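A short write-up of the structure that comes next.
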Amino acid sequence: MRESAAERHDRLLELVRRRGSARVSDLAGQLGVSPVTVRRDVEALTIRGLLDRVHGKVSWPHQEGAPGTPSPGGPGGREVVLGMIAPNATYYFAEVIRGAHEAAAAAGARLILRISDYRPQEDAARAAGLLAAGAEGLLVAPGWKEPHDPAEHGRWITELPVPTVLLERRGVPGGPLDDLDRVCSDHGHGVLLAVRHLTGLGHRAPLLVARADSPTALAVRAGYRQALDALGLAAPCPVIDSVPAEADPAGFEAAVGALLAAVRAGEATAALVHNDVDAIRIAQRLGELGVRVPQDLALVAYDDEVAALADIPLTAVAPPKHEVGRYAAQLLIERLRGAPAGPDGQPRRHVELLPRLRVRSSCGGPGAGATVGAASPERQVV
């Protein structure tokens, strides 16, 4: 994919921010573009006040009130600017972004957004672009996909010069990211709700069909093991690896085939599927192969983005996406306007918000239309 000018600007700003200053000729080599392109980029960024340029060098602006210089803001002061990095702005994260935007607007703050498209190696450059655009604090949902991404693409977050809140992401346990504020959904609790609901309807332990291409997917897999242990259950079969049908048709058919075999062998009468889109497509494909939902297989989806729109509306675990964005923005604004966090200030916060189970028709039991879960979604780990 060809790099856009905005993406190149973000990388350039990140290089200068880390160094403090750099020669234009050096930047060309590091960015892999011509000196003419870098000079044009530097000129554009200097005009916008995002860089200072003197005698063939560029430097990060340090003067009072420069973009990226933290300011507490507050009532009667100038507008507080929050920056947000999200891996996408559609499925799942659209609601997280909406919650953060609403909280920022309610507090008289402005939210500016950068999208990483699940390219974690570019997240640091996105952050530099936000700082250069005036962000005084950051909400960061890194574009991690693989289990090793937090260790390989997370340290830059601890080096940010402004208050930062992680959202829907956790670092390596015991690692430096544990010292940051964060707001996350408790996906383990969400899986427990689904498993308990299905076993309460008389099913044995449900089979898990899940992706492995996002932090949510990995958390659902871990939560499944924890839920079975907590309820004293054994998995009927190994977890079935799910893949997007449009990206890997053969892999999708293999997942459907494995689930079909488990149903026909009597090994599974219920399944939990991550995510909604996969659950809808799997239900449709099973119907074509003679397996009916919910008569032959009770089905619960995870995410609740489009589960209600299936031919047979799917019971689904609904992470509190809107609330995650709202709580995170409120916490960041509190850090900017109040006492700073740290050893001599307010304690850091790890806030976990509890998903809910929205019961629909795909499990066949009573209670369709009900919502199962805590009235308040919040759990704080101090």
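Each chain of the structure tokens is named A, B, ... in the order shown, its residues numbered from 1; ligands are numbered from 1 in display order.
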Report the residues of range 121-352 of chain A whose backbone DSSP state falls under strand (DSSP E or B), written as a PyMOL selection string. chain A and resi 137-140+164-167+181-185+207-210+240-241+270-274+298-302+315-318+341+346+350-352
Can those selected residues be exported to a file as a tab-separated table (two decimals), in the first residue's frame so that it contains N, CA and C atoms?
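The resulting file, result_33.tsv, is shown below:
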```tsv
chain	number	residue	atom	x	y	z
A	137	GLY	N	-3.05	15.51	25.57
A	137	GLY	CA	-3.15	14.20	26.19
A	137	GLY	C	-3.63	13.23	25.13
A	138	LEU	N	-3.32	11.93	25.32
A	138	LEU	CA	-3.63	10.95	24.29
A	138	LEU	C	-4.43	9.78	24.83
A	139	LEU	N	-5.41	9.35	24.04
A	139	LEU	CA	-6.12	8.09	24.21
A	139	LEU	C	-5.54	7.14	23.17
A	140	VAL	N	-4.99	6.01	23.61
A	140	VAL	CA	-4.24	5.16	22.69
A	140	VAL	C	-4.81	3.74	22.69
A	164	THR	N	-1.45	9.98	29.21
A	164	THR	CA	-1.89	8.98	28.24
A	164	THR	C	-2.76	7.95	28.93
A	165	VAL	N	-3.85	7.54	28.24
A	165	VAL	CA	-4.73	6.49	28.73
A	165	VAL	C	-4.83	5.42	27.65
A	166	LEU	N	-4.51	4.19	28.01
A	166	LEU	CA	-4.72	3.05	27.11
A	166	LEU	C	-6.20	2.67	27.12
A	167	LEU	N	-6.73	2.32	25.96
A	167	LEU	CA	-8.10	1.84	25.96
A	167	LEU	C	-8.24	0.58	25.12
A	181	ASP	N	-2.53	4.63	33.05
A	181	ASP	CA	-3.97	4.53	33.19
A	181	ASP	C	-4.52	3.72	32.01
A	182	ARG	N	-5.56	2.93	32.25
A	182	ARG	CA	-6.19	2.22	31.14
A	182	ARG	C	-7.64	1.95	31.46
A	183	VAL	N	-8.44	1.83	30.39
A	183	VAL	CA	-9.85	1.50	30.49
A	183	VAL	C	-10.12	0.39	29.47
A	184	CYS	N	-10.63	-0.75	29.93
A	184	CYS	CA	-10.81	-1.90	29.06
A	184	CYS	C	-12.14	-2.60	29.36
A	185	SER	N	-12.63	-3.35	28.39
A	185	SER	CA	-13.72	-4.29	28.62
A	185	SER	C	-13.15	-5.56	29.26
A	207	LEU	N	-18.93	-25.10	22.37
A	207	LEU	CA	-17.70	-25.10	21.58
A	207	LEU	C	-17.37	-23.66	21.21
A	208	LEU	N	-16.10	-23.31	21.23
A	208	LEU	CA	-15.68	-21.96	20.86
A	208	LEU	C	-15.16	-21.95	19.43
A	209	VAL	N	-15.71	-21.03	18.64
A	209	VAL	CA	-15.21	-20.76	17.29
A	209	VAL	C	-14.72	-19.32	17.31
A	210	ALA	N	-13.42	-19.11	17.11
A	210	ALA	CA	-12.89	-17.77	17.35
A	210	ALA	C	-11.72	-17.45	16.42
A	240	ILE	N	-12.10	-24.07	17.55
A	240	ILE	CA	-12.07	-24.03	16.10
A	240	ILE	C	-11.58	-22.66	15.66
A	241	ASP	N	-10.53	-22.63	14.87
A	241	ASP	CA	-9.97	-21.36	14.38
A	241	ASP	C	-10.86	-20.80	13.28
A	270	ALA	N	-24.10	-26.42	21.39
A	270	ALA	CA	-24.06	-24.96	21.54
A	270	ALA	C	-22.68	-24.48	21.16
A	271	ALA	N	-22.62	-23.23	20.71
A	271	ALA	CA	-21.33	-22.65	20.31
A	271	ALA	C	-21.32	-21.16	20.61
A	272	LEU	N	-20.13	-20.68	20.95
A	272	LEU	CA	-19.86	-19.25	21.08
A	272	LEU	C	-18.94	-18.88	19.93
A	273	VAL	N	-19.32	-17.85	19.16
A	273	VAL	CA	-18.56	-17.49	17.96
A	273	VAL	C	-18.10	-16.05	18.06
A	274	HIS	N	-16.81	-15.84	17.91
A	274	HIS	CA	-16.24	-14.49	17.78
A	274	HIS	C	-15.81	-14.33	16.33
A	298	ALA	N	-27.49	-24.16	19.47
A	298	ALA	CA	-27.67	-22.84	20.09
A	298	ALA	C	-26.41	-22.02	19.82
A	299	LEU	N	-26.60	-20.75	19.48
A	299	LEU	CA	-25.47	-19.94	19.03
A	299	LEU	C	-25.45	-18.60	19.76
A	300	VAL	N	-24.26	-18.24	20.27
A	300	VAL	CA	-24.04	-16.92	20.86
A	300	VAL	C	-22.89	-16.26	20.11
A	301	ALA	N	-23.08	-15.01	19.72
A	301	ALA	CA	-22.02	-14.25	19.05
A	301	ALA	C	-21.31	-13.37	20.07
A	302	TYR	N	-20.09	-12.95	19.73
A	302	TYR	CA	-19.35	-12.04	20.59
A	302	TYR	C	-19.04	-10.75	19.84
A	315	THR	N	-28.30	-14.11	19.98
A	315	THR	CA	-27.87	-13.73	21.32
A	315	THR	C	-26.40	-13.34	21.23
A	316	ALA	N	-26.02	-12.28	21.94
A	316	ALA	CA	-24.64	-11.79	21.77
A	316	ALA	C	-24.12	-11.17	23.05
A	317	VAL	N	-22.82	-11.34	23.26
A	317	VAL	CA	-22.10	-10.62	24.31
A	317	VAL	C	-21.79	-9.23	23.79
A	318	ALA	N	-22.15	-8.21	24.57
A	318	ALA	CA	-21.98	-6.82	24.16
A	318	ALA	C	-20.96	-6.14	25.05
A	341	ALA	N	-1.06	12.18	37.64
A	341	ALA	CA	-0.88	10.84	38.19
A	341	ALA	C	0.60	10.57	38.39
A	346	GLN	N	-2.04	11.56	42.02
A	346	GLN	CA	-3.14	10.62	42.13
A	346	GLN	C	-2.69	9.23	41.68
A	350	HIS	N	-6.69	1.34	36.70
A	350	HIS	CA	-7.02	0.31	35.73
A	350	HIS	C	-8.52	0.05	35.88
A	351	VAL	N	-9.29	0.49	34.93
A	351	VAL	CA	-10.74	0.38	35.00
A	351	VAL	C	-11.19	-0.70	34.04
A	352	GLU	N	-11.93	-1.69	34.55
A	352	GLU	CA	-12.49	-2.75	33.73
A	352	GLU	C	-14.01	-2.60	33.71
```
Compile the contact shell of Cys363 in chain A as an MDAnalysis selection string: residues with an atom at most 12 Å away, counting only C-alpha atoms, same-chain residues fewer than 3 positions apart removed. chainID A and resid 194:195 197:203 206 269:272 292:301 312:316 358:360 366:369
Could you find all residues in range 208-282 of chain A that DSSP calls alpha helix (DSSP H) from the backbone, and write them as a VMD selection string? chain A and resid 215 to 231 249 to 264 276 to 282
Dump N, CA, C and O atoms for the selected residues as a compact mmCIF listing (two decimals), in the first residue's frame?
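Full text of result_30.txt as output:
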```txt
# COMPACT_ATOMS: atom_id res chain seq x y z
N PRO A 215 -6.46 -8.27 19.79
CA PRO A 215 -6.45 -8.43 21.24
C PRO A 215 -7.78 -8.93 21.79
O PRO A 215 -7.80 -9.72 22.74
N THR A 216 -8.91 -8.50 21.18
CA THR A 216 -10.21 -8.99 21.64
C THR A 216 -10.33 -10.49 21.41
O THR A 216 -10.79 -11.24 22.27
N ALA A 217 -9.92 -10.95 20.22
CA ALA A 217 -9.99 -12.37 19.92
C ALA A 217 -9.16 -13.19 20.90
O ALA A 217 -9.60 -14.24 21.40
N LEU A 218 -7.96 -12.72 21.19
CA LEU A 218 -7.09 -13.44 22.12
C LEU A 218 -7.67 -13.43 23.53
O LEU A 218 -7.57 -14.43 24.26
N ALA A 219 -8.32 -12.33 23.92
CA ALA A 219 -8.93 -12.25 25.24
C ALA A 219 -10.14 -13.18 25.34
O ALA A 219 -10.39 -13.78 26.40
N VAL A 220 -10.89 -13.31 24.25
CA VAL A 220 -12.03 -14.24 24.25
C VAL A 220 -11.53 -15.67 24.41
O VAL A 220 -12.11 -16.46 25.16
N ARG A 221 -10.46 -16.02 23.72
CA ARG A 221 -9.90 -17.36 23.86
C ARG A 221 -9.44 -17.64 25.29
O ARG A 221 -9.71 -18.71 25.86
N ALA A 222 -8.74 -16.66 25.87
CA ALA A 222 -8.29 -16.83 27.26
C ALA A 222 -9.48 -16.90 28.21
O ALA A 222 -9.51 -17.70 29.15
N GLY A 223 -10.50 -16.05 27.98
CA GLY A 223 -11.69 -16.05 28.81
C GLY A 223 -12.45 -17.36 28.74
O GLY A 223 -13.06 -17.78 29.74
N TYR A 224 -12.43 -18.01 27.58
CA TYR A 224 -13.11 -19.30 27.43
C TYR A 224 -12.49 -20.34 28.34
O TYR A 224 -13.20 -21.07 29.06
N ARG A 225 -11.16 -20.40 28.36
CA ARG A 225 -10.50 -21.36 29.25
C ARG A 225 -10.81 -21.07 30.71
O ARG A 225 -11.07 -21.98 31.51
N GLN A 226 -10.80 -19.79 31.06
CA GLN A 226 -11.07 -19.40 32.44
C GLN A 226 -12.51 -19.71 32.84
O GLN A 226 -12.79 -20.17 33.95
N ALA A 227 -13.47 -19.48 31.91
CA ALA A 227 -14.87 -19.73 32.20
C ALA A 227 -15.13 -21.22 32.42
O ALA A 227 -15.85 -21.62 33.35
N LEU A 228 -14.54 -22.07 31.58
CA LEU A 228 -14.72 -23.51 31.75
C LEU A 228 -14.15 -23.96 33.09
O LEU A 228 -14.77 -24.77 33.81
N ASP A 229 -12.97 -23.44 33.45
CA ASP A 229 -12.37 -23.81 34.74
C ASP A 229 -13.25 -23.35 35.89
O ASP A 229 -13.46 -24.09 36.87
N ALA A 230 -13.78 -22.13 35.80
CA ALA A 230 -14.59 -21.58 36.89
C ALA A 230 -15.88 -22.38 37.08
O ALA A 230 -16.36 -22.51 38.22
N LEU A 231 -16.43 -22.90 35.99
CA LEU A 231 -17.70 -23.64 36.08
C LEU A 231 -17.50 -25.14 36.15
O LEU A 231 -18.48 -25.90 36.16
N PRO A 249 -11.67 -18.02 1.94
CA PRO A 249 -12.86 -18.87 1.79
C PRO A 249 -12.62 -20.32 2.20
O PRO A 249 -13.48 -20.94 2.84
N ALA A 250 -11.45 -20.86 1.86
CA ALA A 250 -11.16 -22.25 2.22
C ALA A 250 -11.06 -22.41 3.73
O ALA A 250 -11.56 -23.39 4.30
N GLY A 251 -10.40 -21.45 4.40
CA GLY A 251 -10.29 -21.51 5.85
C GLY A 251 -11.65 -21.39 6.52
O GLY A 251 -11.92 -22.06 7.53
N PHE A 252 -12.51 -20.55 5.97
CA PHE A 252 -13.87 -20.41 6.52
C PHE A 252 -14.64 -21.72 6.37
O PHE A 252 -15.30 -22.17 7.32
N GLU A 253 -14.56 -22.34 5.21
CA GLU A 253 -15.26 -23.61 5.00
C GLU A 253 -14.73 -24.69 5.93
O GLU A 253 -15.50 -25.54 6.41
N ALA A 254 -13.43 -24.65 6.20
CA ALA A 254 -12.86 -25.62 7.13
C ALA A 254 -13.43 -25.44 8.54
O ALA A 254 -13.72 -26.42 9.24
N ALA A 255 -13.59 -24.18 8.97
CA ALA A 255 -14.16 -23.91 10.29
C ALA A 255 -15.61 -24.38 10.35
O ALA A 255 -16.03 -25.01 11.34
N VAL A 256 -16.39 -24.08 9.30
CA VAL A 256 -17.78 -24.54 9.26
C VAL A 256 -17.83 -26.07 9.29
O VAL A 256 -18.65 -26.68 10.00
N GLY A 257 -16.93 -26.70 8.52
CA GLY A 257 -16.90 -28.16 8.48
C GLY A 257 -16.59 -28.77 9.83
O GLY A 257 -17.18 -29.79 10.22
N ALA A 258 -15.67 -28.18 10.57
CA ALA A 258 -15.33 -28.69 11.89
C ALA A 258 -16.50 -28.56 12.85
O ALA A 258 -16.78 -29.47 13.64
N LEU A 259 -17.21 -27.44 12.79
CA LEU A 259 -18.37 -27.25 13.65
C LEU A 259 -19.49 -28.21 13.26
O LEU A 259 -20.16 -28.81 14.11
N LEU A 260 -19.70 -28.36 11.96
CA LEU A 260 -20.72 -29.28 11.46
C LEU A 260 -20.45 -30.70 11.94
O LEU A 260 -21.37 -31.40 12.40
N ALA A 261 -19.20 -31.13 11.86
CA ALA A 261 -18.86 -32.48 12.31
C ALA A 261 -19.12 -32.66 13.80
O ALA A 261 -19.62 -33.71 14.23
N ALA A 262 -18.80 -31.64 14.60
CA ALA A 262 -19.03 -31.73 16.05
C ALA A 262 -20.52 -31.83 16.36
O ALA A 262 -20.93 -32.57 17.26
N VAL A 263 -21.35 -31.09 15.62
CA VAL A 263 -22.80 -31.14 15.85
C VAL A 263 -23.34 -32.51 15.45
O VAL A 263 -24.11 -33.13 16.20
N ARG A 264 -22.95 -33.00 14.29
CA ARG A 264 -23.48 -34.28 13.81
C ARG A 264 -23.00 -35.45 14.66
O ARG A 264 -23.70 -36.46 14.77
N ASP A 276 -19.37 -11.21 15.44
CA ASP A 276 -20.73 -11.19 14.89
C ASP A 276 -20.79 -11.59 13.43
O ASP A 276 -21.64 -12.38 13.01
N VAL A 277 -19.92 -11.00 12.62
CA VAL A 277 -19.96 -11.25 11.17
C VAL A 277 -19.72 -12.73 10.90
O VAL A 277 -20.44 -13.36 10.10
N ASP A 278 -18.73 -13.31 11.56
CA ASP A 278 -18.48 -14.74 11.39
C ASP A 278 -19.67 -15.57 11.86
O ASP A 278 -20.04 -16.57 11.23
N ALA A 279 -20.27 -15.17 12.99
CA ALA A 279 -21.40 -15.92 13.52
C ALA A 279 -22.57 -15.92 12.54
O ALA A 279 -23.22 -16.96 12.33
N ILE A 280 -22.86 -14.78 11.94
CA ILE A 280 -23.95 -14.71 10.97
C ILE A 280 -23.66 -15.59 9.76
O ILE A 280 -24.53 -16.36 9.30
N ARG A 281 -22.45 -15.52 9.25
CA ARG A 281 -22.11 -16.30 8.06
C ARG A 281 -22.08 -17.80 8.37
O ARG A 281 -22.49 -18.63 7.55
N ILE A 282 -21.60 -18.15 9.55
CA ILE A 282 -21.57 -19.56 9.95
C ILE A 282 -22.99 -20.09 10.08
O ILE A 282 -23.30 -21.21 9.62
```
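By only C-alpha atoms, and with residues fewer than 2 positions from Glu305 in chain A along its chain excluded, the set lying at most 7 Å from it is Tyr92, Asp276, Asp303 and Ala307 of chain A.
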Among listed residues A:Arg119, A:Arg337, A:Arg356, A:Arg348, nearest Leu193 in chain A (using only C-alpha atoms):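 Using only C-alpha atoms, Leu193 in chain A sits closest to A:Arg356.
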Range 128-130 of chain A: which residues within 10 Å, counting only C-alpha atoms, same-chain residues fewer than 2 positions away excluded, as a PDB file with C-alpha atoms, in the first residue's frame?
```pdb
ATOM      1  CA  ALA A   6      -0.204  12.535   5.852  1.00  0.00           C
ATOM      2  CA  GLU A   7       1.388   9.229   6.893  1.00  0.00           C
ATOM      3  CA  ARG A   8       4.813  10.438   5.758  1.00  0.00           C
ATOM      4  CA  HIS A   9       4.315  13.676   7.706  1.00  0.00           C
ATOM      5  CA  ASP A  10       3.532  11.640  10.825  1.00  0.00           C
ATOM      6  CA  ARG A  11       6.742   9.638  10.425  1.00  0.00           C
ATOM      7  CA  LEU A  12       8.756  12.818   9.850  1.00  0.00           C
ATOM      8  CA  LEU A  13       7.295  14.450  12.946  1.00  0.00           C
ATOM      9  CA  GLU A  14       8.022  11.382  15.054  1.00  0.00           C
ATOM     10  CA  LEU A  15      11.682  11.353  13.934  1.00  0.00           C
ATOM     11  CA  VAL A  16      12.107  15.036  14.812  1.00  0.00           C
ATOM     12  CA  ARG A  17      10.227  14.703  18.121  1.00  0.00           C
ATOM     13  CA  ARG A  18      12.494  11.882  19.272  1.00  0.00           C
ATOM     14  CA  LEU A  50       4.434  22.037  13.643  1.00  0.00           C
ATOM     15  CA  PRO A  67       1.623  22.581  19.423  1.00  0.00           C
ATOM     16  CA  GLY A  68       2.155  19.539  21.615  1.00  0.00           C
ATOM     17  CA  VAL A  81      -7.309  19.177  22.895  1.00  0.00           C
ATOM     18  CA  LEU A  82      -7.314  15.377  23.192  1.00  0.00           C
ATOM     19  CA  GLY A  83      -5.681  13.093  20.660  1.00  0.00           C
ATOM     20  CA  MET A  84      -6.899   9.570  19.948  1.00  0.00           C
ATOM     21  CA  ILE A  85      -5.268   6.681  18.081  1.00  0.00           C
ATOM     22  CA  ILE A 112      -8.771  14.744  17.137  1.00  0.00           C
ATOM     23  CA  LEU A 113      -8.376  11.261  15.687  1.00  0.00           C
ATOM     24  CA  ARG A 114      -5.739   9.254  13.820  1.00  0.00           C
ATOM     25  CA  ASP A 123       1.445   4.080  15.871  1.00  0.00           C
ATOM     26  CA  ALA A 124       4.339   6.165  17.244  1.00  0.00           C
ATOM     27  CA  ALA A 125       4.307   8.331  14.133  1.00  0.00           C
ATOM     28  CA  ARG A 126       0.552   8.791  14.485  1.00  0.00           C
ATOM     29  CA  ALA A 132       2.205  18.325  16.586  1.00  0.00           C
ATOM     30  CA  ALA A 133      -1.443  19.115  15.907  1.00  0.00           C
ATOM     31  CA  GLY A 134      -1.846  20.352  19.497  1.00  0.00           C
ATOM     32  CA  ALA A 135      -2.946  17.287  21.497  1.00  0.00           C
ATOM     33  CA  GLU A 136      -2.267  17.769  25.211  1.00  0.00           C
ATOM     34  CA  GLY A 137      -3.149  14.200  26.186  1.00  0.00           C
ATOM     35  CA  LEU A 138      -3.626  10.947  24.285  1.00  0.00           C
ATOM     36  CA  LEU A 160       5.108  10.054  25.519  1.00  0.00           C
TER      37      LEU A 160
END
```
Smallest atom-to-atom distance to Pro161 in chain A: which of A:Ala127, A:Asn275, A:Pro142, A:Gly174, using only C-alpha atoms? A:Ala127
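With only C-alpha atoms as the atoms that count, the residue of A:Leu357, A:Val372, A:Gly175, A:Pro163 with the shortest distance to Gly338 in chain A is A:Pro163.
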